[in-house]
$ cat work.cif   # mmCIF, C-alpha atoms and all ligand atoms
data_my_file
#
loop_
_atom_site.label_atom_id
_atom_site.label_comp_id
_atom_site.auth_asym_id
_atom_site.auth_seq_id
_atom_site.Cartn_x
_atom_site.Cartn_y
_atom_site.Cartn_z
CA MET A 162 128.88 119.25 101.68
CA THR A 163 127.88 121.66 104.43
CA GLU A 164 124.42 120.93 105.76
CA ALA A 165 122.15 122.81 108.10
CA LEU A 166 123.50 123.25 111.60
CA PRO A 167 122.42 120.56 114.07
CA SER A 168 120.37 121.56 117.07
CA ILE A 169 122.44 122.02 120.20
CA GLU A 170 120.82 120.00 122.98
CA VAL A 171 123.89 120.00 125.22
CA THR A 172 125.61 123.31 125.75
CA PRO A 173 129.03 124.08 127.21
CA ARG A 174 129.31 124.78 130.93
CA ASP A 175 131.70 126.99 132.79
CA LEU A 176 134.51 124.64 133.81
CA SER A 177 136.51 127.19 135.81
CA ARG A 178 135.67 125.50 139.11
CA TYR A 179 137.36 122.33 137.89
CA ARG A 180 140.52 124.12 136.81
CA ALA A 181 142.55 123.73 139.97
CA GLY A 182 142.93 119.98 140.19
CA ASN A 183 145.16 118.29 142.73
CA THR A 184 147.92 117.13 140.41
CA GLY A 185 149.63 120.40 139.53
CA ILE A 186 148.08 120.10 136.05
CA ASP A 187 145.06 122.28 135.33
CA TYR A 188 141.81 120.34 134.85
CA VAL A 189 143.36 117.06 135.98
CA HIS A 190 142.02 115.45 139.17
CA ARG A 191 143.44 112.36 140.81
CA PHE A 192 141.92 110.26 143.57
CA ASP A 193 144.00 107.54 145.18
CA SER A 194 142.11 104.93 147.19
CA GLY A 195 145.23 104.02 149.15
CA ARG A 196 144.53 100.41 148.19
CA PRO A 197 146.09 98.32 145.46
CA GLY A 198 144.35 98.32 142.11
CA PRO A 199 144.51 99.70 138.61
CA HIS A 200 145.06 103.34 137.73
CA VAL A 201 142.11 104.29 135.53
CA MET A 202 141.84 107.56 133.60
CA VAL A 203 138.66 109.02 132.14
CA ASN A 204 139.48 111.86 129.79
CA ALA A 205 137.09 114.39 128.23
CA LEU A 206 137.39 117.11 125.61
CA THR A 207 140.34 115.82 123.62
CA HIS A 208 138.28 117.60 120.98
CA GLY A 209 136.89 120.88 122.24
CA ASN A 210 133.37 120.58 120.82
CA GLU A 211 132.73 117.01 121.96
CA PHE A 212 130.63 117.82 124.99
CA CYS A 213 129.57 114.33 126.05
CA GLY A 214 132.86 113.62 127.80
CA MET A 215 132.62 116.95 129.60
CA VAL A 216 129.17 115.93 130.89
CA ALA A 217 130.48 112.52 132.02
CA VAL A 218 133.56 113.89 133.83
CA CYS A 219 131.51 116.70 135.44
CA HIS A 220 129.03 114.04 136.56
CA LEU A 221 131.79 111.96 138.17
CA LEU A 222 133.40 114.97 139.86
CA ASP A 223 130.08 116.46 141.00
CA SER A 224 128.90 113.14 142.42
CA GLY A 225 132.06 112.96 144.50
CA VAL A 226 133.25 109.69 142.98
CA ARG A 227 136.13 108.10 144.88
CA PRO A 228 137.77 104.83 143.85
CA LYS A 229 137.34 101.85 146.18
CA ILE A 230 140.58 100.40 144.88
CA GLY A 231 143.45 101.73 142.81
CA THR A 232 143.58 105.27 141.49
CA LEU A 233 141.22 107.36 139.40
CA THR A 234 142.28 110.27 137.19
CA LEU A 235 139.61 112.54 135.69
CA SER A 236 140.59 115.15 133.13
CA PHE A 237 139.39 117.75 130.69
CA ALA A 238 141.93 117.98 127.88
CA ASN A 239 141.42 120.79 125.37
CA VAL A 240 139.56 123.32 127.51
CA ALA A 241 141.18 126.14 125.52
CA ALA A 242 139.45 124.98 122.32
CA TYR A 243 136.22 124.19 124.23
CA GLU A 244 136.06 127.76 125.49
CA THR A 245 135.99 129.11 121.93
CA PHE A 246 132.61 127.45 121.23
CA ASP A 247 130.29 129.56 119.10
CA PRO A 248 126.81 128.10 118.49
CA ALA A 249 126.83 129.71 115.05
CA ARG A 250 129.97 127.73 114.17
CA PRO A 251 129.67 124.68 116.42
CA PHE A 252 132.23 122.55 114.59
CA ASP A 253 135.06 125.09 114.78
CA SER A 254 135.93 124.59 118.43
CA ARG A 255 137.22 121.05 117.82
CA LEU A 256 140.77 122.35 118.03
CA ILE A 257 142.79 125.55 117.81
CA THR A 258 145.96 124.62 115.90
CA HIS A 259 146.73 120.92 116.15
CA ASN A 260 144.42 117.95 116.52
CA LEU A 261 145.09 117.00 120.16
CA ASN A 262 144.34 113.41 119.23
CA ARG A 263 147.10 113.09 116.63
CA ILE A 264 150.18 114.35 118.48
CA TRP A 265 150.90 111.65 121.08
CA SER A 266 154.20 110.58 119.49
CA SER A 267 157.60 111.53 120.82
CA ALA A 268 158.24 113.26 117.47
CA TRP A 269 155.54 115.81 118.37
CA LEU A 270 155.79 115.76 122.16
CA ASP A 271 159.58 116.08 122.22
CA GLY A 272 159.74 118.25 119.10
CA SER A 273 160.30 121.98 118.91
CA GLU A 274 156.93 123.10 117.51
CA ASP A 275 154.57 124.96 119.76
CA SER A 276 150.80 125.33 119.87
CA VAL A 277 147.98 125.33 122.39
CA GLU A 278 147.49 121.60 121.79
CA LEU A 279 151.17 120.70 121.94
CA ARG A 280 151.55 122.60 125.21
CA ARG A 281 148.50 120.84 126.63
CA ALA A 282 149.67 117.38 125.52
CA ARG A 283 153.08 118.02 127.08
CA GLU A 284 151.39 119.20 130.31
CA MET A 285 149.11 116.16 130.43
CA ARG A 286 151.79 113.68 129.45
CA PRO A 287 152.68 112.59 133.01
CA ALA A 288 148.99 112.02 133.81
CA VAL A 289 148.50 109.92 130.68
CA ALA A 290 151.76 108.05 131.30
CA ALA A 291 150.66 107.13 134.83
CA ALA A 292 147.35 105.54 133.75
CA ASP A 293 147.02 101.79 133.20
CA TYR A 294 143.55 102.01 131.65
CA ILE A 295 142.34 105.00 129.64
CA LEU A 296 138.84 105.85 128.47
CA ASP A 297 139.05 108.79 126.05
CA ILE A 298 135.52 110.08 125.44
CA HIS A 299 134.61 111.46 122.03
CA SER A 300 131.61 112.11 119.79
CA THR A 301 130.98 112.33 116.06
CA SER A 302 129.92 115.18 113.81
CA GLN A 303 127.29 112.97 112.16
CA ASP A 304 124.43 111.29 114.00
CA VAL A 305 125.54 107.66 113.76
CA VAL A 306 125.57 104.70 116.12
CA PRO A 307 128.16 104.87 118.90
CA PHE A 308 131.36 102.87 118.55
CA TRP A 309 134.68 102.02 120.18
CA VAL A 310 138.00 102.83 118.50
CA TYR A 311 141.17 101.10 119.69
CA PRO A 312 144.50 99.67 118.60
CA ALA A 313 144.01 96.02 117.60
CA PHE A 314 145.36 94.45 120.76
CA GLU A 315 143.50 91.69 122.58
CA ARG A 316 143.87 93.61 125.85
CA ASN A 317 141.79 96.49 124.40
CA PHE A 318 139.21 94.17 122.84
CA GLU A 319 138.75 92.42 126.19
CA VAL A 320 137.70 95.65 127.88
CA ALA A 321 135.45 96.87 125.05
CA ARG A 322 133.62 93.56 124.71
CA ALA A 323 133.04 93.35 128.47
CA LEU A 324 130.80 96.44 128.39
CA PRO A 325 127.20 96.52 127.11
CA ARG A 326 127.56 99.58 124.88
CA PRO A 327 128.67 100.54 122.30
CA GLU A 328 128.20 97.38 120.28
CA VAL A 329 130.28 98.52 117.30
CA HIS A 330 134.09 98.32 117.41
CA LEU A 331 136.51 100.06 115.02
CA VAL A 332 139.79 98.23 115.37
CA MET A 333 143.08 99.76 114.23
CA PRO A 334 145.69 97.15 113.25
CA ALA A 335 148.18 99.81 112.20
CA GLY A 336 147.11 102.99 113.94
CA LEU A 337 145.08 105.74 112.36
CA GLY A 338 147.50 106.53 109.56
CA SER A 339 147.15 110.23 110.22
CA GLY A 340 148.98 110.74 113.51
CA THR A 341 149.20 109.19 116.95
CA PRO A 342 146.03 109.32 119.06
CA LEU A 343 146.13 109.49 122.86
CA VAL A 344 145.11 105.82 123.07
CA GLN A 345 148.35 104.91 121.32
CA TYR A 346 150.61 106.87 123.63
CA ASP A 347 153.82 105.00 124.41
CA GLY A 348 153.10 101.42 125.58
CA HIS A 349 149.41 101.73 124.67
CA GLY A 350 150.50 101.73 121.05
CA ARG A 351 152.75 98.69 121.34
CA ALA A 352 151.94 94.99 121.25
CA ASP A 353 154.13 94.46 124.33
CA GLY A 354 152.34 97.20 126.26
CA SER A 355 150.00 96.57 129.17
CA GLY A 356 146.70 97.93 130.41
CA ALA A 357 144.22 99.17 127.82
CA ALA A 358 143.29 102.44 126.13
CA LEU A 359 140.09 103.02 124.20
CA VAL A 360 138.23 105.82 122.51
CA VAL A 361 134.48 105.76 122.82
CA GLU A 362 132.53 107.68 120.18
CA CYS A 363 129.20 108.24 121.90
CA GLY A 364 127.08 109.71 119.08
CA GLN A 365 126.52 113.17 117.65
CA HIS A 366 128.38 115.95 119.45
CA PHE A 367 125.43 117.99 120.61
CA LYS A 368 122.75 115.41 121.43
CA GLN A 369 121.56 114.66 124.95
CA ALA A 370 121.54 110.92 124.18
CA THR A 371 125.27 111.18 123.44
CA ALA A 372 125.99 112.76 126.81
CA ASP A 373 123.80 110.14 128.51
CA LEU A 374 125.78 107.35 126.86
CA ALA A 375 129.09 108.95 127.88
CA VAL A 376 127.96 108.93 131.52
CA GLU A 377 126.90 105.28 131.18
CA VAL A 378 130.11 104.14 129.50
CA ALA A 379 132.33 106.01 131.98
CA THR A 380 130.43 104.51 134.92
CA ASN A 381 130.60 101.01 133.42
CA PHE A 382 134.30 101.45 132.70
CA LEU A 383 134.97 102.24 136.36
CA ALA A 384 132.70 99.39 137.53
CA HIS A 385 134.46 96.96 135.20
CA PHE A 386 137.74 97.64 136.97
CA GLY A 387 136.13 97.55 140.41
CA LEU A 388 136.77 101.23 141.15
CA VAL A 389 133.12 101.91 141.90
CA ASP A 390 130.32 99.82 143.37
CA GLY A 391 127.65 98.30 141.24
CA PRO A 392 127.09 95.12 139.32
CA LYS A 393 129.71 94.06 136.81
CA PRO A 394 128.56 95.40 133.43
CA ARG A 395 127.17 92.80 131.02
CA PRO A 396 128.90 92.28 127.68
CA ALA A 397 127.24 93.55 124.50
CA ALA A 398 124.65 91.19 123.07
CA SER A 399 125.84 91.29 119.46
CA PRO A 400 129.12 93.12 118.94
CA ARG A 401 130.11 94.09 115.40
CA ARG A 402 133.76 94.72 114.60
CA TYR A 403 135.31 96.62 111.71
CA GLU A 404 138.98 96.72 110.81
CA LEU A 405 140.45 100.04 109.71
CA LEU A 406 142.11 99.57 106.30
CA ARG A 407 143.02 103.08 105.34
CA THR A 408 142.53 106.70 106.35
CA HIS A 409 142.19 109.20 103.54
CA VAL A 410 143.54 112.64 104.39
CA ILE A 411 142.04 115.40 102.24
CA GLN A 412 144.47 116.72 99.63
CA GLN A 413 142.39 119.22 97.65
CA PRO A 414 139.58 121.67 98.44
CA THR A 415 137.53 119.93 95.73
CA PHE A 416 137.34 116.70 97.78
CA ALA A 417 133.80 115.34 97.49
CA PHE A 418 131.88 112.17 98.14
CA VAL A 419 129.97 110.69 95.22
CA ARG A 420 126.77 110.91 97.25
CA PRO A 421 125.76 112.32 100.63
CA VAL A 422 127.11 110.11 103.41
CA VAL A 423 127.06 110.13 107.20
CA GLY A 424 129.04 106.99 108.00
CA PHE A 425 128.37 103.24 107.91
CA GLU A 426 127.52 103.27 104.19
CA THR A 427 128.95 100.25 102.39
CA PHE A 428 130.65 100.04 99.01
CA ALA A 429 131.50 97.10 96.76
CA GLU A 430 135.12 96.41 95.85
CA GLY A 431 136.31 98.99 93.34
CA GLU A 432 133.27 101.24 93.80
CA LEU A 433 133.99 104.96 93.82
CA ILE A 434 133.50 106.55 97.25
CA ALA A 435 134.93 110.03 96.78
CA THR A 436 137.19 112.09 94.58
CA ASP A 437 140.00 114.34 95.76
CA GLY A 438 141.27 116.40 92.86
CA PRO A 439 142.50 113.82 90.37
CA LEU A 440 142.54 111.10 93.05
CA GLU A 441 139.78 108.52 93.17
CA ILE A 442 139.02 106.92 96.52
CA ARG A 443 137.63 103.49 95.75
CA ALA A 444 136.57 100.65 98.03
CA PRO A 445 139.51 98.27 98.52
CA CYS A 446 137.21 95.35 99.37
CA ASP A 447 133.61 94.23 99.27
CA ASP A 448 131.38 95.52 102.07
CA CYS A 449 133.84 98.35 102.56
CA THR A 450 132.21 100.38 105.33
CA ILE A 451 133.06 104.03 105.78
CA PHE A 452 133.48 105.72 109.15
CA MET A 453 133.56 109.40 110.04
CA PRO A 454 133.20 111.00 106.61
CA ALA A 455 134.28 114.64 106.74
CA ARG A 456 131.37 116.98 107.22
CA THR A 457 133.26 119.86 105.66
CA VAL A 458 136.33 119.83 103.46
CA ILE A 459 139.50 120.95 105.23
CA VAL A 460 142.73 120.12 103.41
CA GLY A 461 145.04 118.13 105.68
CA ARG A 462 142.26 116.70 107.82
CA GLU A 463 140.82 113.20 107.56
CA GLY A 464 138.28 112.80 104.78
CA VAL A 465 137.11 109.27 105.43
CA TYR A 466 138.08 106.02 107.12
CA LEU A 467 137.79 102.86 105.02
CA THR A 468 137.06 99.68 106.94
CA ARG A 469 136.12 96.07 106.38
CA PRO A 470 133.77 94.07 108.60
CA MET A 471 135.63 91.43 110.65
CA ARG A 472 134.04 88.01 110.62
ZN ZN B 1 136.88 113.39 118.87
#
$ encode --input "work.cif" --output "structure tokens"
Amino acid sequence: MTEALPSIEVTPRDLSRYRAGNTGIDYVHRFDSGRPGPHVMVNALTHGNEFCGMVAVCHLLDSGVRPKIGTLTLSFANVAAYETFDPARPFDSRLITHNLNRIWSSAWLDGSEDSVELRRAREMRPAVAAADYILDIHSTSQDVVPFWVYPAFERNFEVARALPRPEVHLVMPAGLGSGTPLVQYDGHGRADGSGAALVVECGQHFKQATADLAVEVATNFLAHFGLVDGPKPRPAASPRRYELLRTHVIQQPTFAFVRPVVGFETFAEGELIATDGPLEIRAPCDDCTIFMPARTVIVGREGVYLTRPMR
């Protein structure tokens, strides 16, 4: 399942000058307008090799963005993993020990285990807790169309549909099934919560177009909430929504898809999608659409997300 390495159009930058923020948390910057308004957070590098968010947050910091209303927090999350990037192994710097986007539950955050990612999540917890609206910027290993990912609450949908891109939404009625992502932290994971928290998957990790989209989405996100000047973003022309049905976590090193896939392939009900040792992963419905198929087999990591188009 391992293909040729993708070309690296966007390369890591030295982030040391952004380390000392003004919050007491490394790589976390907060700007308070002194006026009422929402507290909006734009977070990059939850996964260390997803450079588009780094480009977007650097762009905002370098351009001297200051909110006109409310408060803006800009952050780089897993800089430790990011700094291990090796162009010969560009997918390895996603994380060091734990997936920083699966540990935002009190079981992990208040637990006794320790790792680079757990320490970082615990450090960043007050910054995340303070934010009303969170944009967590990601990218995908495969070169597929960009998409939103968010818990299936109307308050999240309202924000995603108000922005022109991405047009595709992956909606999670019951979480990811493989851990708690940042966008489900505390109230953001509850129906009675407030604000909104969304992941944006901007395209393939290392493409310039992906970084360009991250800058666009971050700027639109801030404009939507009135933090920066500019016209109100227009809603997407033809949004397409998919509901997450099930996440398959790889059990065996022999996990394999029945044919090469990159994401967005569709399967008829009962059709075989992949095998995992003796397990058969079959489509639970017609038009079952797969998201984020694993590029390489790592036992314990997600193998594939099974979704159904929402009509
Ligand atoms: Zn990611």
$ atom_distance --input "work.cif" --atom1 "CA of Phe314 (chain A)" --atom2 "CA of Met333 (chain A)"
8.7 Å
$ residues_near_ligand --input "work.cif" --ligand "ligand ZN 1 (chain B)" --cutoff "9 Å" --atoms "all atoms listed in the file" --output "number ranges by chain"
A: 206-211, 255, 262, 297-302, 360-362, 366
$ closest_residue --input "work.cif" --among "A:Met471, A:Leu359, A:Ala455, A:Ala165" --to "Leu296 (chain A)" --atoms "only C-alpha atoms"
A:Leu359
$ atom_distance --input "work.cif" --atom1 "CA of Arg281 (chain A)" --atom2 "CA of Trp269 (chain A)"
12.0 Å
$ closest_residue --input "work.cif" --among "A:Arg263, A:Arg191, A:Arg407, A:His349" --to "Leu467 (chain A)" --atoms "all atoms listed in the file"
A:Arg407
$ atom_distance --input "work.cif" --atom1 "CA of Gln412 (chain A)" --atom2 "CA of Gly438 (chain A)"
7.5 Å
$ closest_residue --input "work.cif" --among "A:Pro400, A:Gly348, A:Gly464, A:Gly185" --to "Leu331 (chain A)" --atoms "all atoms listed in the file"
A:Pro400
$ residues_around --input "work.cif" --residues "Lys368 (chain A)" --least-positions-apart "6" --cutoff "10 Å" --atoms "all atoms listed in the file" --output "list of chain:residue names"
A:Pro167, A:Ser168, A:Ile169, A:Glu170, A:Val171, A:Thr172, A:Phe212, A:Cys213, A:Ser300, A:Asp304
$ residues_around --input "work.cif" --residues "Val306 (chain A)" --least-positions-apart "5" --cutoff "10 Å" --atoms "only C-alpha atoms" --output "PyMOL selection string"
chain A and resi 301+327-329+362-365+371+424-425
$ decode --input "work.cif" --residues "region 430-462 of chain A" --atoms "N, CA and C atoms" --output "mmCIF file, in the first residue's frame"
data_model
loop_
_atom_site.group_PDB
_atom_site.id
_atom_site.type_symbol
_atom_site.label_atom_id
_atom_site.label_comp_id
_atom_site.auth_asym_id
_atom_site.auth_seq_id
_atom_site.Cartn_x
_atom_site.Cartn_y
_atom_site.Cartn_z
ATOM 1 N N GLU A 430 -24.042 -1.526 -0.855
ATOM 2 C CA GLU A 430 -24.285 -2.205 0.419
ATOM 3 C C GLU A 430 -23.782 -3.645 0.354
ATOM 4 N N GLY A 431 -22.983 -4.022 1.335
ATOM 5 C CA GLY A 431 -22.460 -5.377 1.411
ATOM 6 C C GLY A 431 -21.162 -5.585 0.641
ATOM 7 N N GLU A 432 -20.777 -4.624 -0.175
ATOM 8 C CA GLU A 432 -19.550 -4.768 -0.974
ATOM 9 C C GLU A 432 -18.315 -4.733 -0.068
ATOM 10 N N LEU A 433 -17.355 -5.592 -0.406
ATOM 11 C CA LEU A 433 -16.127 -5.656 0.389
ATOM 12 C C LEU A 433 -15.243 -4.441 0.097
ATOM 13 N N ILE A 434 -14.805 -3.783 1.173
ATOM 14 C CA ILE A 434 -13.949 -2.597 1.042
ATOM 15 C C ILE A 434 -12.502 -2.944 1.382
ATOM 16 N N ALA A 435 -12.344 -3.713 2.454
ATOM 17 C CA ALA A 435 -10.994 -4.051 2.924
ATOM 18 C C ALA A 435 -11.083 -5.307 3.770
ATOM 19 N N THR A 436 -9.938 -5.926 3.969
ATOM 20 C CA THR A 436 -9.857 -7.041 4.913
ATOM 21 C C THR A 436 -8.808 -6.691 5.964
ATOM 22 N N ASP A 437 -9.034 -7.224 7.166
ATOM 23 C CA ASP A 437 -8.136 -6.936 8.286
ATOM 24 C C ASP A 437 -7.970 -8.248 9.037
ATOM 25 N N GLY A 438 -6.951 -9.031 8.656
ATOM 26 C CA GLY A 438 -6.886 -10.394 9.166
ATOM 27 C C GLY A 438 -8.149 -11.110 8.719
ATOM 28 N N PRO A 439 -8.822 -11.792 9.658
ATOM 29 C CA PRO A 439 -10.041 -12.502 9.273
ATOM 30 C C PRO A 439 -11.248 -11.585 9.111
ATOM 31 N N LEU A 440 -11.106 -10.327 9.529
ATOM 32 C CA LEU A 440 -12.241 -9.390 9.469
ATOM 33 C C LEU A 440 -12.474 -8.899 8.048
ATOM 34 N N GLU A 441 -13.732 -8.807 7.670
ATOM 35 C CA GLU A 441 -14.088 -8.190 6.399
ATOM 36 C C GLU A 441 -14.772 -6.853 6.674
ATOM 37 N N ILE A 442 -14.292 -5.813 6.045
ATOM 38 C CA ILE A 442 -14.932 -4.502 6.191
ATOM 39 C C ILE A 442 -15.793 -4.311 4.948
ATOM 40 N N ARG A 443 -17.100 -4.351 5.175
ATOM 41 C CA ARG A 443 -18.054 -4.258 4.067
ATOM 42 C C ARG A 443 -18.891 -2.990 4.213
ATOM 43 N N ALA A 444 -19.374 -2.503 3.089
ATOM 44 C CA ALA A 444 -20.182 -1.278 3.097
ATOM 45 C C ALA A 444 -21.492 -1.527 3.827
ATOM 46 N N PRO A 445 -21.800 -0.715 4.850
ATOM 47 C CA PRO A 445 -23.049 -0.921 5.587
ATOM 48 C C PRO A 445 -24.269 -0.344 4.879
ATOM 49 N N CYS A 446 -24.076 0.348 3.773
ATOM 50 C CA CYS A 446 -25.218 0.958 3.075
ATOM 51 C C CYS A 446 -24.822 1.160 1.621
ATOM 52 N N ASP A 447 -25.806 1.459 0.790
ATOM 53 C CA ASP A 447 -25.506 1.826 -0.592
ATOM 54 C C ASP A 447 -24.858 3.204 -0.631
ATOM 55 N N ASP A 448 -24.054 3.428 -1.655
ATOM 56 C CA ASP A 448 -23.336 4.700 -1.804
ATOM 57 C C ASP A 448 -22.421 4.984 -0.612
ATOM 58 N N CYS A 449 -22.027 3.924 0.061
ATOM 59 C CA CYS A 449 -21.077 4.092 1.170
ATOM 60 C C CYS A 449 -19.816 4.747 0.599
ATOM 61 N N THR A 450 -19.450 5.871 1.167
ATOM 62 C CA THR A 450 -18.322 6.660 0.653
ATOM 63 C C THR A 450 -17.207 6.634 1.689
ATOM 64 N N ILE A 451 -16.012 6.271 1.252
ATOM 65 C CA ILE A 451 -14.929 6.172 2.232
ATOM 66 C C ILE A 451 -14.142 7.482 2.297
ATOM 67 N N PHE A 452 -13.704 7.792 3.509
ATOM 68 C CA PHE A 452 -12.871 8.967 3.755
ATOM 69 C C PHE A 452 -11.556 8.489 4.387
ATOM 70 N N MET A 453 -10.502 9.200 4.065
ATOM 71 C CA MET A 453 -9.200 9.056 4.712
ATOM 72 C C MET A 453 -8.727 7.608 4.860
ATOM 73 N N PRO A 454 -8.684 6.865 3.743
ATOM 74 C CA PRO A 454 -8.119 5.521 3.822
ATOM 75 C C PRO A 454 -6.644 5.590 4.224
ATOM 76 N N ALA A 455 -6.230 4.664 5.078
ATOM 77 C CA ALA A 455 -4.839 4.678 5.544
ATOM 78 C C ALA A 455 -3.899 4.531 4.360
ATOM 79 N N ARG A 456 -2.861 5.316 4.378
ATOM 80 C CA ARG A 456 -1.867 5.251 3.309
ATOM 81 C C ARG A 456 -0.889 4.110 3.579
ATOM 82 N N THR A 457 -0.592 3.925 4.847
ATOM 83 C CA THR A 457 0.238 2.790 5.252
ATOM 84 C C THR A 457 -0.443 2.120 6.442
ATOM 85 N N VAL A 458 -0.148 0.842 6.603
ATOM 86 C CA VAL A 458 -0.818 0.059 7.637
ATOM 87 C C VAL A 458 -0.067 0.201 8.961
ATOM 88 N N ILE A 459 -0.728 0.798 9.947
ATOM 89 C CA ILE A 459 -0.167 0.878 11.291
ATOM 90 C C ILE A 459 -1.251 0.380 12.241
ATOM 91 N N VAL A 460 -0.993 -0.762 12.875
ATOM 92 C CA VAL A 460 -1.977 -1.357 13.783
ATOM 93 C C VAL A 460 -2.306 -0.356 14.891
ATOM 94 N N GLY A 461 -3.601 -0.183 15.141
ATOM 95 C CA GLY A 461 -4.038 0.750 16.174
ATOM 96 C C GLY A 461 -4.401 2.113 15.634
ATOM 97 N N ARG A 462 -4.060 2.381 14.384
ATOM 98 C CA ARG A 462 -4.465 3.661 13.784
ATOM 99 C C ARG A 462 -5.674 3.440 12.885
#
